[in-house]
Amino acid sequence: MKHFWQQSRERKAFLALADGAVFHGYSFGAAVDAVGEAVFNTAMTGYQEILSDPSYAGQFVTLTTAEVGNYGCNDHDMESRGLFLNGLVIQEFNKSSNSLSTIELDDFLKRCGKPAIAGVDTRSLTLHLREKGAQKAYLHVAPDDLPEVAAIERARLWEGLDGKDYAARVTTPTPYVWSETGRFHVVVYDFGVKYNILRQLVARDVRVTVVPAATPYGDLLDLKPDGVFLSNGPADPGAVGYAVENIRQLLGKVPLMGICLGHQLLGLACGAKCGRLKFGHHGGNHPVKNLLTGEVAISSQNHNYALSELPDDLELTYINLNDSSCEGIRHKKHPAFSVQFHPEAAPGPYDAQHIFDEFIHLMEK
């Protein structure tokens, strides 16, 4: 009788990119083919938090760290209600050895219906994506025999993420109360919110209500918030026009803070431009500089788009030290600011968590 580790390595699989490149390995997780956008993440740990980040909806996440699965999975490390990414790509898949693990990564992916491929030369794939840019891709892990040329064509024919409202696919279907007590009441627009953002707010004595992405601004104001939080989320901010309009109406009426997609949406609401990066920023080691203080923080990031051409009403507050892209803005007239990176993810580990305190200070004024 063959063990799982032997059987899995016999389930041949491959990732086919739209530009014709093919990367081979073996299948684990759910044995279902999928199409998506291939990106890479340079974080060394935290694979369950990455898997459960709704901002990866529509994407195949390539982890550049060499070994994955060592500490298994558990319910505590979830960052959302489920997995929204389209698949996982790794180099070496290991069985867990951790007292906190309640389920193996392989079984966790099967339970969530998500495919994965291991045995891939992820260094080569990462270098390819850095040179060619993020790619539409097709992941073949099903037991049937699919020619590589057919997989490449399916990748090319996929509609991709540009112009698609993925926030509507990951948002909560109904409002809910995360925390019932607190000094201030913050309403969170859920474009794909991570749970640790909500925890950071609660840790600062905040009562938190979470509402769906398309909630009209009037309905939100009826909740009498002391502040409104614009969450992270996936895909193209230009496709979430209803959110841009709601944010535009909220400016000046209530303090606003945004992270990631929320940052981009705030920028668009104020008249900034937003465009796609070549291969995005995904990982836990991105240095950002605070232009107001000169301080540098190590940040966690996950985005494919970035703001540019800021209008006069917006001040640039942070830049990425790798490519000088916009990492933070604040409004010069209204109590509103945002950052592109994830201060709640704590890769520093606490370099940027003071940003939540700045939001509290806005509500105190």
# chains A, B, ... in the order shown; residues from 1 in each chain; ligands from 1

$ select_by_dssp --residues "range 186-241 of chain A" --states "strand (DSSP E)" --output "PyMOL selection string"
chain A and resi 186-190+206-212+227-230

$ residues_around --residues "Ala18 in chain A" --least-positions-apart "4" --cutoff "9 Å" --atoms "only C-alpha atoms" --output "PyMOL selection string"
chain A and resi 135-138+151-157

$ write_last_selection --atoms "N, CA, C and O atoms" --output "short mmCIF file (atom, residue, chain, number, x, y, z; two decimals), in the first residue's frame"
data_model
loop_
_atom_site.label_atom_id
_atom_site.label_comp_id
_atom_site.auth_asym_id
_atom_site.auth_seq_id
_atom_site.Cartn_x
_atom_site.Cartn_y
_atom_site.Cartn_z
N GLN A 135 0.87 36.79 -15.07
CA GLN A 135 0.39 36.07 -16.25
C GLN A 135 -0.96 35.40 -16.00
O GLN A 135 -1.20 34.84 -14.92
N LYS A 136 -1.82 35.45 -17.01
CA LYS A 136 -2.97 34.57 -17.00
C LYS A 136 -2.45 33.13 -17.12
O LYS A 136 -1.49 32.87 -17.85
N ALA A 137 -3.09 32.21 -16.39
CA ALA A 137 -2.53 30.86 -16.33
C ALA A 137 -3.63 29.82 -16.17
O ALA A 137 -4.76 30.14 -15.77
N TYR A 138 -3.26 28.57 -16.47
CA TYR A 138 -4.17 27.44 -16.30
C TYR A 138 -3.44 26.38 -15.50
O TYR A 138 -2.33 25.97 -15.85
N ALA A 151 -4.01 23.72 -22.55
CA ALA A 151 -4.00 24.49 -21.31
C ALA A 151 -3.54 25.93 -21.55
O ALA A 151 -4.09 26.88 -20.99
N ILE A 152 -2.53 26.09 -22.39
CA ILE A 152 -2.04 27.43 -22.73
C ILE A 152 -3.15 28.25 -23.39
O ILE A 152 -3.35 29.42 -23.09
N GLU A 153 -3.89 27.62 -24.27
CA GLU A 153 -4.96 28.32 -24.96
C GLU A 153 -6.08 28.71 -23.99
O GLU A 153 -6.64 29.80 -24.09
N ARG A 154 -6.38 27.84 -23.04
CA ARG A 154 -7.40 28.17 -22.04
C ARG A 154 -6.95 29.36 -21.19
O ARG A 154 -7.77 30.19 -20.80
N ALA A 155 -5.67 29.41 -20.88
CA ALA A 155 -5.14 30.55 -20.14
C ALA A 155 -5.31 31.84 -20.94
O ALA A 155 -5.73 32.88 -20.40
N ARG A 156 -5.00 31.78 -22.22
CA ARG A 156 -5.10 32.97 -23.07
C ARG A 156 -6.53 33.46 -23.21
O ARG A 156 -6.79 34.66 -23.30
N LEU A 157 -7.49 32.52 -23.22
CA LEU A 157 -8.88 32.87 -23.44
C LEU A 157 -9.59 33.37 -22.18
O LEU A 157 -10.68 33.94 -22.26
#

$ residues_around --residues "Arg199 in chain A" --least-positions-apart "2" --cutoff "12 Å" --atoms "only C-alpha atoms" --output "PyMOL selection string"
chain A and resi 79+178-179+193-197+201-208+344-345+353+356

$ atom_distance --atom1 "CA of Pro234 in chain A" --atom2 "CA of Ser27 in chain A"
25.7 Å

$ closest_residue --among "A:Thr174, A:Ser99, A:Pro147, A:Ser55" --to "Pro237 in chain A" --atoms "only C-alpha atoms"
A:Ser55

$ closest_residue --among "A:Val288, A:Gly241, A:Leu256, A:His303" --to "His331 in chain A" --atoms "only C-alpha atoms"
A:Leu256

$ closest_residue --among "A:Val240, A:Ala297, A:His281, A:Ala31" --to "Asp165 in chain A" --atoms "only C-alpha atoms"
A:Val240
